[in-house]
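Colleague: Sharing target_18.pdb here; it has PDB, C-alpha atoms, pLDDT in the B column.
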```pdb
ATOM      1  CA  MET S   1      99.427  81.895 124.000  1.00 54.00           C
ATOM      2  CA  SER S   2      95.835  81.532 125.128  1.00 58.00           C
ATOM      3  CA  LEU S   3      93.899  84.779 125.465  1.00 59.00           C
ATOM      4  CA  PRO S   4      90.529  85.358 127.131  1.00 64.00           C
ATOM      5  CA  GLY S   5      87.702  85.656 124.616  1.00 80.00           C
ATOM      6  CA  ASP S   6      87.122  89.394 125.100  1.00 93.00           C
ATOM      7  CA  ARG S   7      90.792  90.193 124.480  1.00 95.00           C
ATOM      8  CA  ARG S   8      90.889  87.884 121.481  1.00 95.00           C
ATOM      9  CA  GLU S   9      87.836  89.665 120.011  1.00 96.00           C
ATOM     10  CA  SER S  10      89.361  93.094 120.670  1.00 97.00           C
ATOM     11  CA  ILE S  11      92.591  92.073 118.962  1.00 97.00           C
ATOM     12  CA  GLU S  12      90.562  90.823 115.985  1.00 97.00           C
ATOM     13  CA  ARG S  13      88.875  94.210 115.771  1.00 97.00           C
ATOM     14  CA  ILE S  14      92.318  95.883 115.717  1.00 98.00           C
ATOM     15  CA  ARG S  15      93.372  93.428 112.990  1.00 98.00           C
ATOM     16  CA  ARG S  16      90.295  94.198 110.847  1.00 98.00           C
ATOM     17  CA  LEU S  17      90.387  97.999 111.062  1.00 98.00           C
ATOM     18  CA  PRO S  18      92.808  98.717 108.170  1.00 98.00           C
ATOM     19  CA  GLN S  19      90.805  96.500 105.775  1.00 98.00           C
ATOM     20  CA  GLN S  20      87.505  98.034 106.881  1.00 98.00           C
ATOM     21  CA  LEU S  21      88.951 101.487 106.349  1.00 98.00           C
ATOM     22  CA  GLU S  22      90.315 100.621 102.902  1.00 98.00           C
ATOM     23  CA  GLU S  23      86.939  99.231 101.839  1.00 98.00           C
ATOM     24  CA  LEU S  24      85.121 102.303 103.152  1.00 98.00           C
ATOM     25  CA  VAL S  25      87.252 104.798 101.210  1.00 98.00           C
ATOM     26  CA  ALA S  26      87.876 102.772  98.048  1.00 98.00           C
ATOM     27  CA  GLY S  27      86.896 104.638  94.909  1.00 97.00           C
ATOM     28  CA  LEU S  28      86.061 107.941  96.599  1.00 97.00           C
ATOM     29  CA  SER S  29      86.736 111.095  94.608  1.00 97.00           C
ATOM     30  CA  ILE S  30      89.047 113.871  95.762  1.00 97.00           C
ATOM     31  CA  GLU S  31      85.936 115.924  96.541  1.00 96.00           C
ATOM     32  CA  GLU S  32      84.440 113.135  98.661  1.00 96.00           C
ATOM     33  CA  LEU S  33      87.730 112.685 100.519  1.00 97.00           C
ATOM     34  CA  THR S  34      88.286 116.360 101.285  1.00 96.00           C
ATOM     35  CA  ALA S  35      84.742 117.694 101.813  1.00 96.00           C
ATOM     36  CA  ARG S  36      83.754 118.774 105.314  1.00 95.00           C
ATOM     37  CA  PRO S  37      79.938 118.764 105.203  1.00 95.00           C
ATOM     38  CA  LEU S  38      79.600 118.386 108.979  1.00 93.00           C
ATOM     39  CA  ALA S  39      80.473 121.472 111.000  1.00 93.00           C
ATOM     40  CA  GLY S  40      83.338 120.849 113.370  1.00 92.00           C
ATOM     41  CA  GLU S  41      84.186 117.414 111.970  1.00 94.00           C
ATOM     42  CA  TRP S  42      87.115 116.331 109.858  1.00 95.00           C
ATOM     43  CA  SER S  43      87.030 115.283 106.235  1.00 96.00           C
ATOM     44  CA  VAL S  44      87.279 111.602 105.315  1.00 98.00           C
ATOM     45  CA  ALA S  45      90.953 112.121 104.418  1.00 98.00           C
ATOM     46  CA  GLN S  46      91.715 113.833 107.738  1.00 97.00           C
ATOM     47  CA  ASN S  47      90.078 110.940 109.584  1.00 97.00           C
ATOM     48  CA  VAL S  48      92.237 108.391 107.755  1.00 98.00           C
ATOM     49  CA  HIS S  49      95.451 110.323 108.356  1.00 98.00           C
ATOM     50  CA  HIS S  50      94.462 110.919 111.986  1.00 98.00           C
ATOM     51  CA  LEU S  51      94.010 107.179 112.527  1.00 98.00           C
ATOM     52  CA  ALA S  52      97.577 106.623 111.330  1.00 98.00           C
ATOM     53  CA  ASP S  53      98.927 109.409 113.564  1.00 98.00           C
ATOM     54  CA  SER S  54      96.930 108.374 116.602  1.00 97.00           C
ATOM     55  CA  HIS S  55      97.601 104.669 116.334  1.00 98.00           C
ATOM     56  CA  ILE S  56     101.341 105.265 115.883  1.00 97.00           C
ATOM     57  CA  ASN S  57     101.271 107.242 119.122  1.00 97.00           C
ATOM     58  CA  SER S  58      99.317 104.534 120.895  1.00 97.00           C
ATOM     59  CA  TYR S  59     101.614 101.767 119.654  1.00 98.00           C
ATOM     60  CA  VAL S  60     104.631 103.646 121.023  1.00 98.00           C
ATOM     61  CA  ARG S  61     102.786 104.249 124.298  1.00 97.00           C
ATOM     62  CA  CYS S  62     102.034 100.522 124.553  1.00 98.00           C
ATOM     63  CA  LYS S  63     105.681  99.622 124.027  1.00 98.00           C
ATOM     64  CA  LEU S  64     106.726 102.170 126.649  1.00 98.00           C
ATOM     65  CA  MET S  65     104.196 100.781 129.108  1.00 98.00           C
ATOM     66  CA  ALA S  66     105.441  97.250 128.461  1.00 98.00           C
ATOM     67  CA  THR S  67     109.097  98.167 128.990  1.00 98.00           C
ATOM     68  CA  GLU S  68     109.174 100.993 131.551  1.00 98.00           C
ATOM     69  CA  VAL S  69     107.740 101.540 135.002  1.00 97.00           C
ATOM     70  CA  SER S  70     104.661 103.763 134.728  1.00 97.00           C
ATOM     71  CA  PRO S  71     105.981 105.995 131.923  1.00 98.00           C
ATOM     72  CA  THR S  72     104.458 109.362 131.170  1.00 97.00           C
ATOM     73  CA  LEU S  73     102.432 109.047 127.961  1.00 96.00           C
ATOM     74  CA  LYS S  74     102.994 112.202 125.959  1.00 94.00           C
ATOM     75  CA  PRO S  75      99.869 113.845 124.550  1.00 94.00           C
ATOM     76  CA  TYR S  76      99.938 115.586 121.165  1.00 94.00           C
ATOM     77  CA  ASP S  77      97.817 118.243 119.480  1.00 95.00           C
ATOM     78  CA  GLU S  78      95.837 116.113 117.038  1.00 94.00           C
ATOM     79  CA  ALA S  79      94.085 119.129 115.495  1.00 93.00           C
ATOM     80  CA  ALA S  80      97.468 120.718 114.719  1.00 94.00           C
ATOM     81  CA  TRP S  81      98.703 117.444 113.220  1.00 94.00           C
ATOM     82  CA  ALA S  82      95.582 117.324 111.016  1.00 92.00           C
ATOM     83  CA  ARG S  83      96.468 120.713 109.519  1.00 91.00           C
ATOM     84  CA  PHE S  84      99.766 119.472 108.045  1.00 93.00           C
ATOM     85  CA  ALA S  85      99.709 118.524 104.374  1.00 93.00           C
ATOM     86  CA  ASP S  86     100.274 114.865 105.266  1.00 94.00           C
ATOM     87  CA  GLY S  87      97.257 115.076 107.576  1.00 94.00           C
ATOM     88  CA  SER S  88      94.781 116.405 105.054  1.00 92.00           C
ATOM     89  CA  SER S  89      95.911 115.223 101.611  1.00 96.00           C
ATOM     90  CA  ALA S  90      93.451 113.324  99.432  1.00 96.00           C
ATOM     91  CA  ASP S  91      96.220 110.787  98.776  1.00 97.00           C
ATOM     92  CA  LEU S  92      95.539 108.147 101.414  1.00 98.00           C
ATOM     93  CA  SER S  93      97.961 105.512 100.125  1.00 97.00           C
ATOM     94  CA  ASP S  94     100.747 106.117 102.652  1.00 97.00           C
ATOM     95  CA  SER S  95      98.428 106.306 105.654  1.00 98.00           C
ATOM     96  CA  LEU S  96      96.523 103.182 104.589  1.00 98.00           C
ATOM     97  CA  ALA S  97      99.783 101.268 104.032  1.00 98.00           C
ATOM     98  CA  LEU S  98     101.118 102.527 107.346  1.00 98.00           C
ATOM     99  CA  LEU S  99      97.969 101.443 109.196  1.00 98.00           C
ATOM    100  CA  LYS S 100      98.083  98.004 107.598  1.00 98.00           C
ATOM    101  CA  ALA S 101     101.703  97.448 108.651  1.00 98.00           C
ATOM    102  CA  LEU S 102     101.275  99.107 112.051  1.00 98.00           C
ATOM    103  CA  HIS S 103      98.194  97.053 112.911  1.00 98.00           C
ATOM    104  CA  ALA S 104      99.985  93.841 111.890  1.00 98.00           C
ATOM    105  CA  ARG S 105     102.770  94.716 114.342  1.00 98.00           C
ATOM    106  CA  TRP S 106     100.282  95.822 116.993  1.00 98.00           C
ATOM    107  CA  VAL S 107      98.298  92.580 116.702  1.00 98.00           C
ATOM    108  CA  HIS S 108     101.517  90.592 117.139  1.00 98.00           C
ATOM    109  CA  PHE S 109     102.342  92.709 120.205  1.00 98.00           C
ATOM    110  CA  TRP S 110      98.920  92.056 121.736  1.00 98.00           C
ATOM    111  CA  GLU S 111      98.863  88.355 120.888  1.00 97.00           C
ATOM    112  CA  THR S 112     102.244  87.736 122.504  1.00 97.00           C
ATOM    113  CA  LEU S 113     101.940  90.038 125.510  1.00 97.00           C
ATOM    114  CA  PRO S 114     102.526  88.007 128.691  1.00 96.00           C
ATOM    115  CA  GLU S 115      99.520  87.796 131.000  1.00 95.00           C
ATOM    116  CA  GLU S 116     101.312  89.673 133.774  1.00 95.00           C
ATOM    117  CA  ALA S 117     101.964  92.627 131.447  1.00 97.00           C
ATOM    118  CA  TRP S 118      98.303  93.446 130.766  1.00 97.00           C
ATOM    119  CA  GLN S 119      98.018  95.443 133.996  1.00 97.00           C
ATOM    120  CA  ARG S 120     101.185  97.482 133.432  1.00 98.00           C
ATOM    121  CA  THR S 121     100.398 101.189 133.498  1.00 98.00           C
ATOM    122  CA  GLY S 122     101.325 104.492 131.987  1.00 98.00           C
ATOM    123  CA  LEU S 123     100.382 107.957 133.151  1.00 97.00           C
ATOM    124  CA  HIS S 124      98.674 110.227 130.657  1.00 95.00           C
ATOM    125  CA  PRO S 125      98.740 113.872 131.844  1.00 95.00           C
ATOM    126  CA  GLN S 126      95.142 114.442 130.695  1.00 92.00           C
ATOM    127  CA  SER S 127      93.559 111.021 131.272  1.00 90.00           C
ATOM    128  CA  GLY S 128      95.424 109.731 134.294  1.00 95.00           C
ATOM    129  CA  GLU S 129      96.656 106.186 134.779  1.00 97.00           C
ATOM    130  CA  VAL S 130      95.873 103.672 132.045  1.00 97.00           C
ATOM    131  CA  THR S 131      96.669  99.951 131.791  1.00 97.00           C
ATOM    132  CA  LEU S 132      97.716  98.096 128.671  1.00 98.00           C
ATOM    133  CA  ALA S 133      94.386  96.232 128.850  1.00 97.00           C
ATOM    134  CA  ARG S 134      92.550  99.563 128.840  1.00 96.00           C
ATOM    135  CA  GLN S 135      94.747 100.883 126.010  1.00 96.00           C
ATOM    136  CA  LEU S 136      93.587  97.991 123.817  1.00 97.00           C
ATOM    137  CA  GLU S 137      89.938  98.785 124.514  1.00 96.00           C
ATOM    138  CA  LEU S 138      90.424 102.516 123.978  1.00 96.00           C
ATOM    139  CA  TYR S 139      91.932 102.031 120.536  1.00 97.00           C
ATOM    140  CA  VAL S 140      89.391  99.467 119.409  1.00 97.00           C
ATOM    141  CA  SER S 141      86.739 102.076 120.234  1.00 97.00           C
ATOM    142  CA  HIS S 142      88.816 104.875 118.730  1.00 97.00           C
ATOM    143  CA  GLY S 143      89.165 103.126 115.369  1.00 98.00           C
ATOM    144  CA  GLU S 144      85.509 102.207 115.201  1.00 97.00           C
ATOM    145  CA  ALA S 145      84.431 105.733 116.172  1.00 98.00           C
ATOM    146  CA  HIS S 146      86.397 107.128 113.241  1.00 98.00           C
ATOM    147  CA  LEU S 147      84.879 104.577 110.856  1.00 98.00           C
ATOM    148  CA  ASP S 148      81.495 105.850 112.053  1.00 98.00           C
ATOM    149  CA  GLN S 149      82.577 109.467 111.615  1.00 97.00           C
ATOM    150  CA  ILE S 150      83.645 108.707 108.031  1.00 98.00           C
ATOM    151  CA  ARG S 151      80.266 107.076 107.339  1.00 97.00           C
ATOM    152  CA  ARG S 152      78.441 110.113 108.771  1.00 97.00           C
ATOM    153  CA  THR S 153      80.582 112.469 106.683  1.00 97.00           C
ATOM    154  CA  LEU S 154      79.877 110.520 103.505  1.00 96.00           C
ATOM    155  CA  ALA S 155      76.156 110.361 104.282  1.00 95.00           C
ATOM    156  CA  ALA S 156      76.015 114.098 104.941  1.00 95.00           C
ATOM    157  CA  ARG S 157      77.757 114.835 101.653  1.00 87.00           C
ATOM    158  CA  ALA S 158      75.358 112.559  99.763  1.00 83.00           C
ATOM    159  CA  ALA S 159      72.296 114.171 101.370  1.00 80.00           C
TER     160      ALA S 159
END
```
Could you show the structure in this file as structure tokens?

Modeller:
Amino acid sequence: MSLPGDRRESIERIRRLPQQLEELVAGLSIEELTARPLAGEWSVAQNVHHLADSHINSYVRCKLMATEVSPTLKPYDEAAWARFADGSSADLSDSLALLKALHARWVHFWETLPEEAWQRTGLHPQSGEVTLARQLELYVSHGEAHLDQIRRTLAARAA
């Protein structure tokens, strides 16, 4: 299937995120993973676990949008999820493995999505109507924003 260049690039960015994340956190100590040197921001570990939680939710939303007529996209309390042990643990192995597998599936979804499906919509109670095309862009930006947050957290701890 032939995709426009901007979509192809966005899908590549989704494909690369798990590897970029793994490289960014490789070799960090428990203290580096769990420190919160920036007021109001999550630790490195919480960011990694949040990416897994958030991207699972988005993947499900995408599948709902592709298969249902304007489904309601359920929000969730991401701060509450981050307080669970699996959302703050220094052991990142499960979340990194999950993101790798999830992004492989997600990339396949995007690469094989029929052209007419890109404008299918879902209704998010807080954000309003969103298309599948917009969902792709949102989660490219979301992943990259959390990579940046991790970099800022690590820099603040090193300072």

Colleague: Calculate how many Å separate atom CA of His55 of chain S from atom CA of Gly5 of chain S, rounding to one decimal.

Modeller: 23.0 Å

Colleague: Looking at S:Glu31, S:Glu116, S:Glu111, S:Glu129, which one is nearest to Arg15 of chain S, with distances taken over only C-alpha atoms?

Modeller: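 Of S:Glu31, S:Glu116, S:Glu111, S:Glu129, the one nearest Arg15 of chain S, counting only C-alpha atoms, is S:Glu111.
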
Colleague: Looking at S:Arg151, S:Ala158, S:Ala45, S:Glu137, which one is nearest to Leu24 of chain S, with distances taken over only C-alpha atoms?

Modeller: S:Arg151

Colleague: Would you kindly return, as a list of chain:residue names, each protein, DNA or RNA residue with an atom no farther than 12 Å from any atom of Leu92 of chain S, considering all atoms listed in the file and excluding same-chain residues fewer than 6 positions away?

Modeller: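 Those residues are S:Pro18, S:Leu21, S:Glu22, S:Val25, S:Ala26, S:Gly27, S:Leu28, S:Ser29, S:Ile30, S:Leu33, S:Thr34, S:Val44, S:Ala45, S:Gln46, S:Asn47, S:Val48, S:His49, S:His50, S:Leu51, S:Ala52, S:Ala85, S:Asp86, S:Leu98, S:Leu99.
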
Colleague: Nearest to Phe109 of chain S: which of S:Ala145, S:Val130, S:Ile150, S:Ile11 is it, counting all atoms listed in the file?

Modeller: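 Between S:Ala145, S:Val130, S:Ile150, S:Ile11, the residue approaching Phe109 of chain S most closely is S:Ile11.
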
Colleague: Evaluate the PyMOL selection byres ((chain S and resi 17) around 9) and record the selected residues as a PyMOL selection string, following the chain and residue labels used in the document.

Modeller: chain S and resi 12-16+18-22+99-100+103+140+143-144+147

Colleague: Which residues, named as in the file, does the PyMOL selection byres ((chain S and resi 74) around 8) pick out? Answer as JSON, numbers by chain.

Modeller: {"S": [72, 73, 75, 76, 124, 125]}

Colleague: Would you write out, as a count of residues only, every residue that the PyMOL selection byres ((chain S and resi 79) around 12) captures in this file?

Modeller: 20

Colleague: Between atom CA of Leu132 of chain S and atom CA of Cys62 of chain S, what is the spacing in Å?

Modeller: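 Between atom CA of Cys62 of chain S and atom CA of Leu132 of chain S the gap is 6.4 Å.
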
Colleague: Do you have the atom CA of Leu113 of chain S-atom CA of Leu64 of chain S distance handy?

Modeller: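 So the two atoms, atom CA of Leu113 of chain S and atom CA of Leu64 of chain S, lie 13.1 Å apart.
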
Colleague: From the options S:Ala35, S:Arg7, S:Thr112, S:Ser127, which residue's atoms come nearest to Ala156 of chain S, counting all atoms listed in the file?

Modeller: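 Among the listed residues, the smallest separation from Ala156 of chain S belongs to S:Ala35.
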
Colleague: May I ask you to restore N, CA and C atoms in segment 63-75 of chain S and write the result as a PDB file, keeping the file's coordinate frame?

Modeller:
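Below is the file that was written, result37.pdb:
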```pdb
ATOM      1  N   LYS S  63     104.325 100.159 123.865  1.00 98.00           N
ATOM      2  CA  LYS S  63     105.681  99.622 124.027  1.00 98.00           C
ATOM      3  C   LYS S  63     106.364 100.235 125.248  1.00 98.00           C
ATOM      4  N   LEU S  64     106.156 101.533 125.463  1.00 98.00           N
ATOM      5  CA  LEU S  64     106.726 102.170 126.649  1.00 98.00           C
ATOM      6  C   LEU S  64     106.140 101.562 127.924  1.00 98.00           C
ATOM      7  N   MET S  65     104.847 101.358 127.931  1.00 98.00           N
ATOM      8  CA  MET S  65     104.196 100.781 129.108  1.00 98.00           C
ATOM      9  C   MET S  65     104.697  99.364 129.379  1.00 98.00           C
ATOM     10  N   ALA S  66     104.983  98.631 128.321  1.00 98.00           N
ATOM     11  CA  ALA S  66     105.441  97.250 128.461  1.00 98.00           C
ATOM     12  C   ALA S  66     106.896  97.159 128.908  1.00 98.00           C
ATOM     13  N   THR S  67     107.654  98.236 128.717  1.00 98.00           N
ATOM     14  CA  THR S  67     109.097  98.167 128.990  1.00 98.00           C
ATOM     15  C   THR S  67     109.589  99.101 130.087  1.00 98.00           C
ATOM     16  N   GLU S  68     108.759 100.035 130.525  1.00 98.00           N
ATOM     17  CA  GLU S  68     109.174 100.993 131.551  1.00 98.00           C
ATOM     18  C   GLU S  68     108.191 100.958 132.712  1.00 98.00           C
ATOM     19  N   VAL S  69     108.608 101.481 133.827  1.00 97.00           N
ATOM     20  CA  VAL S  69     107.740 101.540 135.002  1.00 97.00           C
ATOM     21  C   VAL S  69     106.918 102.826 134.938  1.00 97.00           C
ATOM     22  N   SER S  70     105.628 102.662 134.755  1.00 97.00           N
ATOM     23  CA  SER S  70     104.661 103.763 134.728  1.00 97.00           C
ATOM     24  C   SER S  70     105.166 105.000 133.974  1.00 97.00           C
ATOM     25  N   PRO S  71     105.486 104.844 132.685  1.00 98.00           N
ATOM     26  CA  PRO S  71     105.981 105.995 131.923  1.00 98.00           C
ATOM     27  C   PRO S  71     104.910 107.062 131.738  1.00 98.00           C
ATOM     28  N   THR S  72     105.368 108.286 131.543  1.00 97.00           N
ATOM     29  CA  THR S  72     104.458 109.362 131.170  1.00 97.00           C
ATOM     30  C   THR S  72     104.163 109.203 129.688  1.00 97.00           C
ATOM     31  N   LEU S  73     102.883 109.214 129.344  1.00 96.00           N
ATOM     32  CA  LEU S  73     102.432 109.047 127.961  1.00 96.00           C
ATOM     33  C   LEU S  73     102.171 110.429 127.381  1.00 96.00           C
ATOM     34  N   LYS S  74     103.031 110.841 126.483  1.00 94.00           N
ATOM     35  CA  LYS S  74     102.994 112.202 125.959  1.00 94.00           C
ATOM     36  C   LYS S  74     101.760 112.436 125.085  1.00 94.00           C
ATOM     37  N   PRO S  75     100.970 113.459 125.427  1.00 94.00           N
ATOM     38  CA  PRO S  75      99.869 113.845 124.550  1.00 94.00           C
ATOM     39  C   PRO S  75     100.406 114.609 123.336  1.00 94.00           C
TER      40      PRO S  75
END
```
